[in-house]
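Shown next, in structure tokens, is the structure this report addresses.
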Number of protein chains: 2
Amino acid sequence: MLYLGYDIGGTNIAAGILDEEDRLIVKDSLPFPRGKGTDAVIAVCRTLFDTLMDAAGIKENEIGGVGAAVPGSVDPESGVVIDAHNLGFHHTPLRSLLGSALDKPVALVNDADAATLAEHRTGALHGTKTSIMITIGTGIGGGLILNGTLFRGGRGNGTEPGHMVLVNGGRKCTCGISGCAETYCSATRLRTDGEQIGLGDAKSVIDAAKNGAADASDLFARYVDDLGSYLASLINLLDPERIAIGGGVCGAGSFLLDPLRENVRKKCFFETCPEIVRATAGNDAGIIGACLIAK
Amino acid sequence: MLYLGYDIGGTNIAAGILDEEDRLIVKDSLPFPRGKGTDAVIAVCRTLFDTLMDAAGIKENEIGGVGAAVPGSVDPESGVVIDAHNLGFHHTPLRSLLGSALDKPVALVNDADAATLAEHRTGALHGTKTSIMITIGTGIGGGLILNGTLFRGGRGNGTEPGHMVLVNGGRKCTCGISGCAETYCSATRLRTDGEQIGLGDAKSVIDAAKNGAADASDLFARYVDDLGSYLASLINLLDPERIAIGGGVCGAGSFLLDPLRENVRKKCFFETCPEIVRATAGNDAGIIGACLIAK
């Protein structure tokens, strides 16, 4: 059987079909119909479904099921998106709406969990029983592999690793807490601190630090120390085999990873430190994870 | 079958026997033979074994196995205590030493994990699939119940929740990291801060705050805020059903728990906050957990 997955984001809806060897055989995307309501979103999903069928030259009955990844909280039991602010979904029964439109069984998953699933099945976390995916973007997202499977939260709420406290009483987070990891370890932190020294975004800060600019180097060193303490917290709690890091900031490569590993090693409570690697599933991780959750 | 458990601490070695309904039918303790070497520890354990047999009026062949809880890191596979500083155990093959002395199969467990197991089987965490035990003492210890069983770390190193970072760059911890949860949430923090305002220990600070002393109240409020952020971090990562808190500081009862629950509720990322309760297995938790690990 083949499985079709959607990665529904606030800018684009991406979709693809996974074969029995977990390979993406076809993919496509369309703009997210912002402000046009849930029916318009379902219509775009239906269009993508037909486009992918045509492109792959397959029949509807070859699709065993459909998955949808969304940037927000989902209730896998009821098939309801509880809250996905960027999509305008609040208590939206996406599973039944999409299921009716496509005449297929539908499974929902948070997008960070989808990416974690993709890394575990086909990417940097492959072969692990206990591992962690952290995505560094505007915020911090992530997922946990525990006992060899995706951990979806003890009460089904998922995991929000970006909202662990790293500096209690520190920078104000959009969630209302002061000092969340997200406010210190996201690309947004590099951007906002970079603006103080006349640099425009996270990449500019990293480039300036690479070129040896003193103020950018200081800023980047503090960022590495904060990210290192954050990863050490996760390690000291869960003792994972491996941590994969995704998101744009990873474009810095070994300029980030080498000092980060060194920083974490000093803070790891155990005799040996787990591996810290770059995520590999890339931009398709959401689609692949959505297909896997359907499977 | 009956099971015998030891809780080996730096001051006393406590032991007890658990019946088939997980009830402690007999218990006793002897001083830890500090500085006298491993053989002396094994001899005390053998003496306690005989004492308990006599007291309970049972025969050796009724004991199905023996467990030992130690304050340090253990390798359950090899049966070696990797490091238990307070006992002077470093790479000590406790399983084989105790097994030979008692002629019984022996299982080892970290003492915080033993307490967690006891709370899960017979105490405050009973009936949960995902829950957390935090013991507030000189330091912070704890354990995790994931998928209904004790989580012993992804690589077998156990969990060190006291060494999650709560204030990066903050107070220096004995482990070398700056800002560990332990340095903000332990009884030691209340004591050291209390000394600054002329109070001697954690209990004195709590009593003074209860009596409305302004400086002690401020100090206690900051403690509650730190502990609240720490518990919120654990909740936002693992979405547990329940957190149980043990240790002497819990003697404060609702004077601690009421403002703590209120503080955590504000910082919990999910719609509903998990229960925060007092641990119930008390001083026998180590012995009970040691028996359970043997079972």
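Here, A, B, ... name the chains of the structure tokens in the order displayed, residue numbers run from 1 inside each chain, and ligands are numbered from 1 in the same displayed order.
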
Need to verify the contact set: segment 11-23 of chain A, 9 Å, only C-alpha atoms, exclusion of same-chain residues closer than 6 positions in sequence. Can you return it as a ChimeraX atom specification? /A:1-5,29-34,41,44-45,48-49,52-53,56,63,68,86-87,121-122,284,286-288,291-292

Include C-alpha atoms and write out the residues we just selected as a JSON list (two decimals), in the first residue's frame.
[["chain", "number", "residue", "atom", "x", "y", "z"],
["A", 1, "MET", "CA", 0.00, 0.00, 0.00],
["A", 2, "LEU", "CA", 0.99, 3.64, -0.59],
["A", 3, "TYR", "CA", 0.39, 6.49, 1.89],
["A", 4, "LEU", "CA", -0.25, 10.16, 1.22],
["A", 5, "GLY", "CA", 0.85, 12.89, 3.61],
["A", 29, "SER", "CA", 2.65, 22.08, -2.98],
["A", 30, "LEU", "CA", 0.13, 24.91, -3.24],
["A", 31, "PRO", "CA", -0.26, 28.17, -1.31],
["A", 32, "PHE", "CA", -2.22, 28.00, 1.95],
["A", 33, "PRO", "CA", -5.55, 29.80, 1.35],
["A", 34, "ARG", "CA", -5.08, 32.27, 4.18],
["A", 41, "VAL", "CA", -8.11, 24.42, 2.96],
["A", 44, "VAL", "CA", -6.66, 22.72, -1.77],
["A", 45, "CYS", "CA", -5.92, 19.34, -0.14],
["A", 48, "LEU", "CA", -3.23, 18.22, -4.34],
["A", 49, "PHE", "CA", -4.57, 14.68, -3.90],
["A", 52, "LEU", "CA", -0.37, 13.61, -7.01],
["A", 53, "MET", "CA", -2.51, 10.69, -8.28],
["A", 56, "ALA", "CA", 2.40, 9.24, -9.95],
["A", 63, "ILE", "CA", -3.68, 4.73, -1.19],
["A", 68, "ALA", "CA", -1.80, 15.44, 7.96],
["A", 86, "ASN", "CA", -1.10, 30.07, 11.96],
["A", 87, "LEU", "CA", -3.78, 28.06, 10.13],
["A", 121, "ARG", "CA", 12.40, 6.12, 10.21],
["A", 122, "THR", "CA", 14.61, 7.45, 7.46],
["A", 284, "ASP", "CA", 10.30, 16.88, 3.30],
["A", 286, "GLY", "CA", 6.78, 16.96, 7.54],
["A", 287, "ILE", "CA", 5.33, 15.15, 4.51],
["A", 288, "ILE", "CA", 7.24, 11.93, 5.26],
["A", 291, "CYS", "CA", 2.69, 9.55, 5.60],
["A", 292, "LEU", "CA", 4.27, 7.48, 8.41]]

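Within segment 19-56 of chain A, DSSP applied to the backbone places the following residues in alpha helix (DSSP H): A:Thr38, A:Asp39, A:Ala40, A:Val41, A:Ile42, A:Ala43, A:Val44, A:Cys45, A:Arg46, A:Thr47, A:Leu48, A:Phe49, A:Asp50, A:Thr51, A:Leu52, A:Met53, A:Asp54, A:Ala55, A:Ala56.
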
Give me a file of those residues, with C-alpha atoms, as a short mmCIF file (atom, residue, chain, number, x, y, z; two decimals), in the first residue's frame.
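Saved to part.cif:
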data_model
loop_
_atom_site.label_atom_id
_atom_site.label_comp_id
_atom_site.auth_asym_id
_atom_site.auth_seq_id
_atom_site.Cartn_x
_atom_site.Cartn_y
_atom_site.Cartn_z
CA THR A 38 -11.55 25.60 6.51
CA ASP A 39 -13.50 24.61 3.35
CA ALA A 40 -10.91 26.34 1.17
CA VAL A 41 -8.11 24.42 2.96
CA ILE A 42 -9.89 21.11 2.34
CA ALA A 43 -10.40 22.06 -1.34
CA VAL A 44 -6.66 22.72 -1.77
CA CYS A 45 -5.92 19.34 -0.14
CA ARG A 46 -8.35 17.63 -2.57
CA THR A 47 -6.66 19.35 -5.54
CA LEU A 48 -3.23 18.22 -4.34
CA PHE A 49 -4.57 14.68 -3.90
CA ASP A 50 -5.73 14.56 -7.53
CA THR A 51 -2.51 16.18 -8.81
CA LEU A 52 -0.37 13.61 -7.01
CA MET A 53 -2.51 10.69 -8.28
CA ASP A 54 -2.03 11.92 -11.85
CA ALA A 55 1.67 12.67 -11.45
CA ALA A 56 2.40 9.24 -9.95
#

Need to verify the contact set: segment 169-176 of chain B, 9 Å, only C-alpha atoms, exclusion of same-chain residues closer than 4 positions in sequence. Can you return it as a VMD selection string? (chain A and resid 167 225 to 226 266 to 267 269) or (chain B and resid 163 165 180 to 184)

So that I have them on file, write out the residues from the current selection with N, CA and C atoms, as an mmCIF file, in the first residue's frame.
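Contents of the output file out_3.cif:
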data_model
loop_
_atom_site.group_PDB
_atom_site.id
_atom_site.type_symbol
_atom_site.label_atom_id
_atom_site.label_comp_id
_atom_site.auth_asym_id
_atom_site.auth_seq_id
_atom_site.Cartn_x
_atom_site.Cartn_y
_atom_site.Cartn_z
ATOM 1 N N VAL A 167 16.245 30.020 31.675
ATOM 2 C CA VAL A 167 16.732 31.129 32.519
ATOM 3 C C VAL A 167 15.513 31.670 33.274
ATOM 4 N N ASP A 225 26.435 28.679 24.381
ATOM 5 C CA ASP A 225 26.372 28.297 25.799
ATOM 6 C C ASP A 225 24.932 28.046 26.242
ATOM 7 N N ASP A 226 24.015 28.881 25.788
ATOM 8 C CA ASP A 226 22.598 28.681 26.135
ATOM 9 C C ASP A 226 22.061 27.388 25.498
ATOM 10 N N LYS A 266 30.855 19.191 28.658
ATOM 11 C CA LYS A 266 31.204 19.670 30.003
ATOM 12 C C LYS A 266 30.014 19.617 30.961
ATOM 13 N N LYS A 267 28.807 19.699 30.403
ATOM 14 C CA LYS A 267 27.609 19.803 31.244
ATOM 15 C C LYS A 267 26.843 18.484 31.373
ATOM 16 N N PHE A 269 25.969 15.010 32.696
ATOM 17 C CA PHE A 269 26.222 14.416 34.013
ATOM 18 C C PHE A 269 26.833 13.023 33.924
ATOM 19 N N HIS B 163 19.852 17.925 37.623
ATOM 20 C CA HIS B 163 20.882 18.593 36.833
ATOM 21 C C HIS B 163 20.366 19.061 35.476
ATOM 22 N N VAL B 165 19.117 22.435 33.694
ATOM 23 C CA VAL B 165 19.489 23.828 33.964
ATOM 24 C C VAL B 165 18.220 24.681 34.112
ATOM 25 N N CYS B 180 21.989 24.660 37.819
ATOM 26 C CA CYS B 180 21.177 23.434 37.897
ATOM 27 C C CYS B 180 19.937 23.662 38.770
ATOM 28 N N ALA B 181 18.877 22.951 38.451
ATOM 29 C CA ALA B 181 17.645 22.999 39.242
ATOM 30 C C ALA B 181 17.949 22.739 40.718
ATOM 31 N N GLU B 182 18.866 21.828 40.967
ATOM 32 C CA GLU B 182 19.232 21.473 42.337
ATOM 33 C C GLU B 182 19.674 22.678 43.169
ATOM 34 N N THR B 183 20.372 23.626 42.516
ATOM 35 C CA THR B 183 20.877 24.777 43.269
ATOM 36 C C THR B 183 19.766 25.780 43.605
ATOM 37 N N TYR B 184 18.616 25.649 42.971
ATOM 38 C CA TYR B 184 17.493 26.575 43.221
ATOM 39 C C TYR B 184 16.318 25.918 43.942
#

Based on only C-alpha atoms, which of the residues in chain B come within 6 Å of chain A? I want them as a compact mmCIF listing (two decimals) with N, CA and C atoms, in the first residue's frame.
# COMPACT_ATOMS: atom_id res chain seq x y z
N THR B 130 2.27 7.77 32.83
CA THR B 130 3.34 8.75 32.65
C THR B 130 3.34 9.67 33.87
N GLY B 153 16.67 5.48 31.81
CA GLY B 153 17.59 6.22 30.93
C GLY B 153 17.73 5.52 29.60
N GLY B 154 17.90 6.31 28.55
CA GLY B 154 17.98 5.75 27.21
C GLY B 154 19.22 4.90 26.99
N ARG B 155 20.28 5.20 27.77
CA ARG B 155 21.51 4.42 27.63
C ARG B 155 21.82 3.65 28.92
N THR B 159 18.21 8.71 35.29
CA THR B 159 17.81 10.10 35.07
C THR B 159 18.39 10.97 36.18
N GLU B 160 18.80 12.16 35.84
CA GLU B 160 19.35 13.10 36.82
C GLU B 160 18.58 14.42 36.71
N PRO B 161 17.30 14.41 37.10
CA PRO B 161 16.48 15.61 36.90
C PRO B 161 16.96 16.83 37.68
N MET B 164 19.08 19.36 35.43
CA MET B 164 18.54 20.16 34.34
C MET B 164 18.86 21.62 34.70
N VAL B 165 19.12 22.44 33.69
CA VAL B 165 19.49 23.83 33.96
C VAL B 165 18.22 24.68 34.11
N LEU B 166 18.13 25.39 35.21
CA LEU B 166 16.97 26.24 35.47
C LEU B 166 17.30 27.72 35.31
N VAL B 167 18.53 28.08 35.60
CA VAL B 167 18.97 29.48 35.45
C VAL B 167 20.37 29.43 34.83
N ASN B 168 20.44 29.39 33.50
CA ASN B 168 21.75 29.22 32.87
C ASN B 168 22.70 30.34 33.30
N ILE B 177 28.17 22.44 36.69
CA ILE B 177 27.32 23.30 35.87
C ILE B 177 26.86 24.50 36.70
N SER B 233 8.79 22.99 33.41
CA SER B 233 9.69 22.47 32.38
C SER B 233 9.44 20.98 32.16
N ASN B 236 5.97 20.57 30.48
CA ASN B 236 5.90 20.97 29.07
C ASN B 236 6.66 19.99 28.17
N LEU B 237 7.63 19.29 28.74
CA LEU B 237 8.34 18.28 27.96
C LEU B 237 7.59 16.95 27.92
N LEU B 238 7.08 16.50 29.06
CA LEU B 238 6.57 15.12 29.12
C LEU B 238 5.07 14.99 29.27
N ASP B 239 4.37 16.11 29.55
CA ASP B 239 2.91 16.07 29.65
C ASP B 239 2.43 14.94 30.59
N PRO B 240 3.01 14.88 31.81
CA PRO B 240 2.67 13.76 32.71
C PRO B 240 1.26 13.87 33.27
N LYS B 267 2.30 28.51 34.12
CA LYS B 267 3.44 28.22 33.25
C LYS B 267 3.24 26.96 32.41

Nearest candidate to Ile276 of chain B (options B:Gly289, B:Pro259, B:Gly141, B:Gly88; using only C-alpha atoms):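 Smallest separation from Ile276 of chain B among the options: B:Pro259.
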
Just fit chain B onto chain A on all the Cα atoms, in order, by least squares, and give it as a compact mmCIF listing (two decimals) with C-alpha atoms, in the first residue's frame.
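Here's the written file result_8.txt:
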# COMPACT_ATOMS: atom_id res chain seq x y z
CA MET B 1 -0.01 0.00 0.08
CA LEU B 2 1.00 3.63 -0.54
CA TYR B 3 0.40 6.50 1.91
CA LEU B 4 -0.23 10.16 1.24
CA GLY B 5 0.88 12.90 3.63
CA TYR B 6 0.18 16.62 3.96
CA ASP B 7 2.41 19.15 5.69
CA ILE B 8 0.00 22.02 6.24
CA GLY B 9 1.84 25.24 6.99
CA GLY B 10 0.75 28.86 7.20
CA THR B 11 2.48 29.63 3.88
CA ASN B 12 2.19 26.44 1.83
CA ILE B 13 0.46 23.09 1.91
CA ALA B 14 2.94 20.45 0.79
CA ALA B 15 1.94 16.86 0.01
CA GLY B 16 3.61 13.68 -1.13
CA ILE B 17 3.21 9.92 -1.48
CA LEU B 18 5.41 7.37 0.29
CA ASP B 19 6.02 3.93 -1.14
CA GLU B 20 6.43 0.70 0.78
CA GLU B 21 10.16 1.29 1.26
CA ASP B 22 9.45 4.70 2.85
CA ARG B 23 10.60 6.61 -0.23
CA LEU B 24 8.81 9.76 -1.34
CA ILE B 25 7.81 8.95 -4.94
CA VAL B 26 6.10 12.22 -5.74
CA LYS B 27 5.49 15.58 -4.06
CA ASP B 28 3.93 18.96 -4.77
CA SER B 29 2.72 22.06 -2.97
CA LEU B 30 0.20 24.90 -3.26
CA PRO B 31 -0.17 28.17 -1.32
CA PHE B 32 -2.14 28.00 1.93
CA PRO B 33 -5.47 29.84 1.33
CA ARG B 34 -4.99 32.28 4.15
CA GLY B 35 -8.12 33.83 5.59
CA LYS B 36 -10.47 31.84 3.32
CA GLY B 37 -11.71 29.38 5.93
CA THR B 38 -11.48 25.64 6.50
CA ASP B 39 -13.42 24.64 3.35
CA ALA B 40 -10.83 26.36 1.17
CA VAL B 41 -8.04 24.44 2.95
CA ILE B 42 -9.84 21.15 2.33
CA ALA B 43 -10.33 22.08 -1.33
CA VAL B 44 -6.60 22.73 -1.77
CA CYS B 45 -5.87 19.36 -0.14
CA ARG B 46 -8.27 17.64 -2.57
CA THR B 47 -6.60 19.36 -5.54
CA LEU B 48 -3.15 18.23 -4.34
CA PHE B 49 -4.52 14.68 -3.90
CA ASP B 50 -5.67 14.56 -7.54
CA THR B 51 -2.46 16.16 -8.80
CA LEU B 52 -0.31 13.59 -7.00
CA MET B 53 -2.46 10.67 -8.26
CA ASP B 54 -1.98 11.88 -11.84
CA ALA B 55 1.72 12.62 -11.43
CA ALA B 56 2.44 9.20 -9.92
CA GLY B 57 0.03 7.41 -12.27
CA ILE B 58 -1.71 5.55 -9.48
CA LYS B 59 -5.32 4.81 -8.56
CA GLU B 60 -7.11 6.01 -5.43
CA ASN B 61 -7.51 2.44 -4.15
CA GLU B 62 -3.71 2.10 -3.95
CA ILE B 63 -3.66 4.73 -1.16
CA GLY B 64 -4.02 2.98 2.22
CA GLY B 65 -4.45 6.14 4.24
CA VAL B 66 -3.69 9.81 4.61
CA GLY B 67 -1.78 11.75 7.27
CA ALA B 68 -1.77 15.47 7.98
CA ALA B 69 0.90 17.36 9.93
CA VAL B 70 -0.10 20.73 11.38
CA PRO B 71 1.85 23.39 13.34
CA GLY B 72 -0.15 23.13 16.55
CA SER B 73 -1.75 20.83 19.08
CA VAL B 74 -3.84 17.89 17.90
CA ASP B 75 -5.93 15.32 19.69
CA PRO B 76 -5.11 12.06 17.90
CA GLU B 77 -8.06 10.29 19.57
CA SER B 78 -10.83 12.63 18.40
CA GLY B 79 -9.05 13.78 15.23
CA VAL B 80 -9.45 17.42 16.16
CA VAL B 81 -6.85 20.20 15.74
CA ILE B 82 -7.13 21.86 19.14
CA ASP B 83 -5.14 24.93 18.22
CA ALA B 84 -3.03 25.79 15.18
CA HIS B 85 -2.83 29.57 15.31
CA ASN B 86 -1.02 30.08 11.99
CA LEU B 87 -3.71 28.10 10.14
CA GLY B 88 -6.64 29.71 11.95
CA PHE B 89 -7.66 26.25 13.20
CA HIS B 90 -9.24 26.14 16.67
CA HIS B 91 -11.04 22.94 17.67
CA THR B 92 -11.25 22.07 13.98
CA PRO B 93 -12.37 18.48 13.21
CA LEU B 94 -9.75 18.10 10.47
CA ARG B 95 -9.81 14.30 10.44
CA SER B 96 -13.50 14.06 9.54
CA LEU B 97 -13.41 17.03 7.13
CA LEU B 98 -10.41 15.70 5.21
CA GLY B 99 -11.65 12.09 5.49
CA SER B 100 -14.98 13.02 3.83
CA ALA B 101 -13.30 15.03 1.06
CA LEU B 102 -10.85 12.25 0.19
CA ASP B 103 -12.87 9.18 1.21
CA LYS B 104 -9.81 7.85 3.08
CA PRO B 105 -8.93 7.24 6.75
CA VAL B 106 -6.98 10.25 8.06
CA ALA B 107 -4.50 10.53 10.95
CA LEU B 108 -3.32 13.85 12.44
CA VAL B 109 0.06 14.73 13.89
CA ASN B 110 1.85 17.81 15.16
CA ASP B 111 4.42 18.96 12.58
CA ALA B 112 7.40 18.67 14.96
CA ASP B 113 6.32 15.13 15.83
CA ALA B 114 6.02 14.37 12.10
CA ALA B 115 9.59 15.58 11.55
CA THR B 116 10.77 13.45 14.47
CA LEU B 117 9.06 10.39 13.04
CA ALA B 118 10.69 11.04 9.65
CA GLU B 119 14.15 11.40 11.22
CA HIS B 120 13.57 8.19 13.16
CA ARG B 121 12.38 6.12 10.22
CA THR B 122 14.61 7.44 7.45
CA GLY B 123 17.04 10.03 8.85
CA ALA B 124 19.45 11.00 11.59
CA LEU B 125 17.64 9.18 14.42
CA HIS B 126 17.34 5.88 12.55
CA GLY B 127 18.02 2.85 14.71
CA THR B 128 17.65 4.62 18.07
CA LYS B 129 15.33 3.61 20.91
CA THR B 130 15.67 6.85 22.88
CA SER B 131 16.41 10.03 20.98
CA ILE B 132 15.45 13.67 20.60
CA MET B 133 14.75 15.92 17.64
CA ILE B 134 15.07 19.68 18.14
CA THR B 135 14.13 22.09 15.35
CA ILE B 136 15.58 25.58 15.66
CA GLY B 137 13.49 28.12 13.77
CA THR B 138 11.40 31.15 14.70
CA GLY B 139 10.72 29.15 17.83
CA ILE B 140 11.94 25.80 19.14
CA GLY B 141 10.02 22.66 18.25
CA GLY B 142 10.86 19.06 18.76
CA GLY B 143 9.87 15.51 19.44
CA LEU B 144 10.90 12.51 21.51
CA ILE B 145 11.50 8.91 20.56
CA LEU B 146 11.07 6.78 23.69
CA ASN B 147 11.08 2.99 23.71
CA GLY B 148 11.57 3.07 19.95
CA THR B 149 8.39 4.96 19.15
CA LEU B 150 7.17 8.56 18.94
CA PHE B 151 6.15 9.81 22.40
CA ARG B 152 2.94 11.80 22.10
CA GLY B 153 2.82 13.12 25.69
CA GLY B 154 1.61 11.36 28.79
CA ARG B 155 -1.86 12.85 28.43
CA GLY B 156 -1.86 13.06 24.61
CA ASN B 157 -0.88 16.73 24.53
CA GLY B 158 2.43 16.07 22.81
CA THR B 159 5.71 17.66 23.86
CA GLU B 160 6.64 21.34 23.95
CA PRO B 161 10.41 21.25 24.53
CA GLY B 162 10.75 24.91 23.55
CA HIS B 163 8.82 25.84 26.70
CA MET B 164 11.18 24.29 29.18
CA VAL B 165 12.63 27.07 31.34
CA LEU B 166 16.30 27.78 30.68
CA VAL B 167 16.73 31.10 32.52
CA ASN B 168 14.00 31.45 35.13
CA GLY B 169 12.86 35.07 35.26
CA GLY B 170 14.68 35.82 32.00
CA ARG B 171 13.46 36.96 28.58
CA LYS B 172 9.69 37.05 28.15
CA CYS B 173 8.33 34.32 25.89
CA THR B 174 5.27 34.63 23.64
CA CYS B 175 3.67 31.91 25.82
CA GLY B 176 3.79 34.17 28.88
CA ILE B 177 6.57 32.38 30.78
CA SER B 178 9.83 34.25 31.38
CA GLY B 179 12.95 32.44 30.30
CA CYS B 180 11.73 29.64 28.01
CA ALA B 181 14.42 27.82 26.03
CA GLU B 182 12.77 29.21 22.91
CA THR B 183 13.68 32.78 23.87
CA TYR B 184 17.39 31.86 24.15
CA CYS B 185 17.92 29.08 21.59
CA SER B 186 15.74 30.04 18.61
CA ALA B 187 16.89 31.79 15.44
CA THR B 188 14.76 34.71 16.64
CA ARG B 189 17.16 35.21 19.56
CA LEU B 190 20.11 35.48 17.16
CA ARG B 191 18.12 37.92 15.03
CA THR B 192 16.94 40.19 17.87
CA ASP B 193 20.37 40.25 19.53
CA GLY B 194 21.93 40.76 16.10
CA GLU B 195 19.77 43.83 15.53
CA GLN B 196 21.42 45.40 18.59
CA ILE B 197 24.76 45.26 16.80
CA GLY B 198 23.42 46.31 13.42
CA LEU B 199 22.97 42.87 11.87
CA GLY B 200 19.72 41.82 10.26
CA ASP B 201 19.12 38.10 10.84
CA ALA B 202 20.50 34.89 12.33
CA LYS B 203 22.54 34.13 9.23
CA SER B 204 24.18 37.58 9.28
CA VAL B 205 25.21 37.02 12.91
CA ILE B 206 26.68 33.61 12.10
CA ASP B 207 28.50 34.96 9.03
CA ALA B 208 29.92 37.90 11.00
CA ALA B 209 31.08 35.54 13.76
CA LYS B 210 32.71 33.29 11.15
CA ASN B 211 34.54 36.34 9.85
CA GLY B 212 35.82 37.06 13.34
CA ALA B 213 33.79 40.18 14.22
CA ALA B 214 34.21 40.51 18.00
CA ASP B 215 30.65 41.55 18.89
CA ALA B 216 29.05 38.88 16.69
CA SER B 217 31.49 36.27 18.06
CA ASP B 218 30.53 37.15 21.63
CA LEU B 219 26.86 36.97 20.79
CA PHE B 220 27.31 33.61 19.03
CA ALA B 221 29.35 32.22 21.96
CA ARG B 222 26.56 33.13 24.39
CA TYR B 223 24.04 31.48 22.04
CA VAL B 224 26.12 28.29 21.95
CA ASP B 225 26.35 28.30 25.76
CA ASP B 226 22.56 28.67 26.10
CA LEU B 227 21.86 26.00 23.51
CA GLY B 228 24.46 23.75 25.18
CA SER B 229 22.78 24.08 28.59
CA TYR B 230 19.42 23.38 27.01
CA LEU B 231 20.64 20.17 25.33
CA ALA B 232 22.43 19.16 28.56
CA SER B 233 19.11 19.49 30.42
CA LEU B 234 17.46 17.12 27.98
CA ILE B 235 20.40 14.71 28.18
CA ASN B 236 20.58 14.70 31.99
CA LEU B 237 16.86 13.94 32.16
CA LEU B 238 16.49 11.34 29.41
CA ASP B 239 19.99 9.96 28.75
CA PRO B 240 19.26 9.71 24.99
CA GLU B 241 21.43 7.88 22.49
CA ARG B 242 21.34 10.78 20.02
CA ILE B 243 20.02 14.31 19.51
CA ALA B 244 19.29 15.56 15.98
CA ILE B 245 19.12 19.29 15.32
CA GLY B 246 17.18 20.72 12.41
CA GLY B 247 16.21 24.15 11.14
CA GLY B 248 17.98 26.97 9.36
CA VAL B 249 20.57 27.66 12.08
CA CYS B 250 22.08 24.24 11.31
CA GLY B 251 23.25 25.71 8.02
CA ALA B 252 26.19 26.94 10.14
CA GLY B 253 27.40 23.31 10.13
CA SER B 254 30.50 22.51 12.16
CA PHE B 255 30.92 26.20 13.09
CA LEU B 256 27.92 25.60 15.35
CA LEU B 257 28.15 21.86 16.03
CA ASP B 258 31.81 21.66 17.10
CA PRO B 259 31.68 24.23 19.93
CA LEU B 260 28.17 23.03 20.82
CA ARG B 261 29.34 19.42 21.31
CA GLU B 262 32.27 20.65 23.41
CA ASN B 263 29.94 22.80 25.54
CA VAL B 264 27.45 19.97 26.09
CA ARG B 265 30.21 17.49 26.96
CA LYS B 266 31.20 19.66 29.95
CA LYS B 267 27.61 19.80 31.20
CA CYS B 268 26.60 16.16 30.61
CA PHE B 269 26.25 14.41 33.97
CA PHE B 270 27.08 10.96 32.59
CA GLU B 271 30.46 9.44 31.76
CA THR B 272 29.83 9.65 28.05
CA CYS B 273 27.91 12.22 26.05
CA PRO B 274 25.34 11.19 23.44
CA GLU B 275 25.82 12.07 19.77
CA ILE B 276 24.66 15.47 18.56
CA VAL B 277 24.03 15.41 14.81
CA ARG B 278 22.35 17.41 12.10
CA ALA B 279 18.86 16.33 11.01
CA THR B 280 18.85 14.88 7.50
CA ALA B 281 15.22 14.57 6.38
CA GLY B 282 15.15 18.28 5.57
CA ASN B 283 12.14 20.09 4.12
CA ASP B 284 10.32 16.85 3.31
CA ALA B 285 10.35 15.69 6.95
CA GLY B 286 6.80 16.95 7.56
CA ILE B 287 5.34 15.15 4.53
CA ILE B 288 7.25 11.94 5.29
CA GLY B 289 6.16 12.00 8.94
CA ALA B 290 2.55 12.60 7.94
CA CYS B 291 2.69 9.56 5.62
CA LEU B 292 4.26 7.49 8.43
CA ILE B 293 1.57 8.43 10.95
CA ALA B 294 -1.04 7.29 8.42
CA LYS B 295 0.84 4.04 7.98
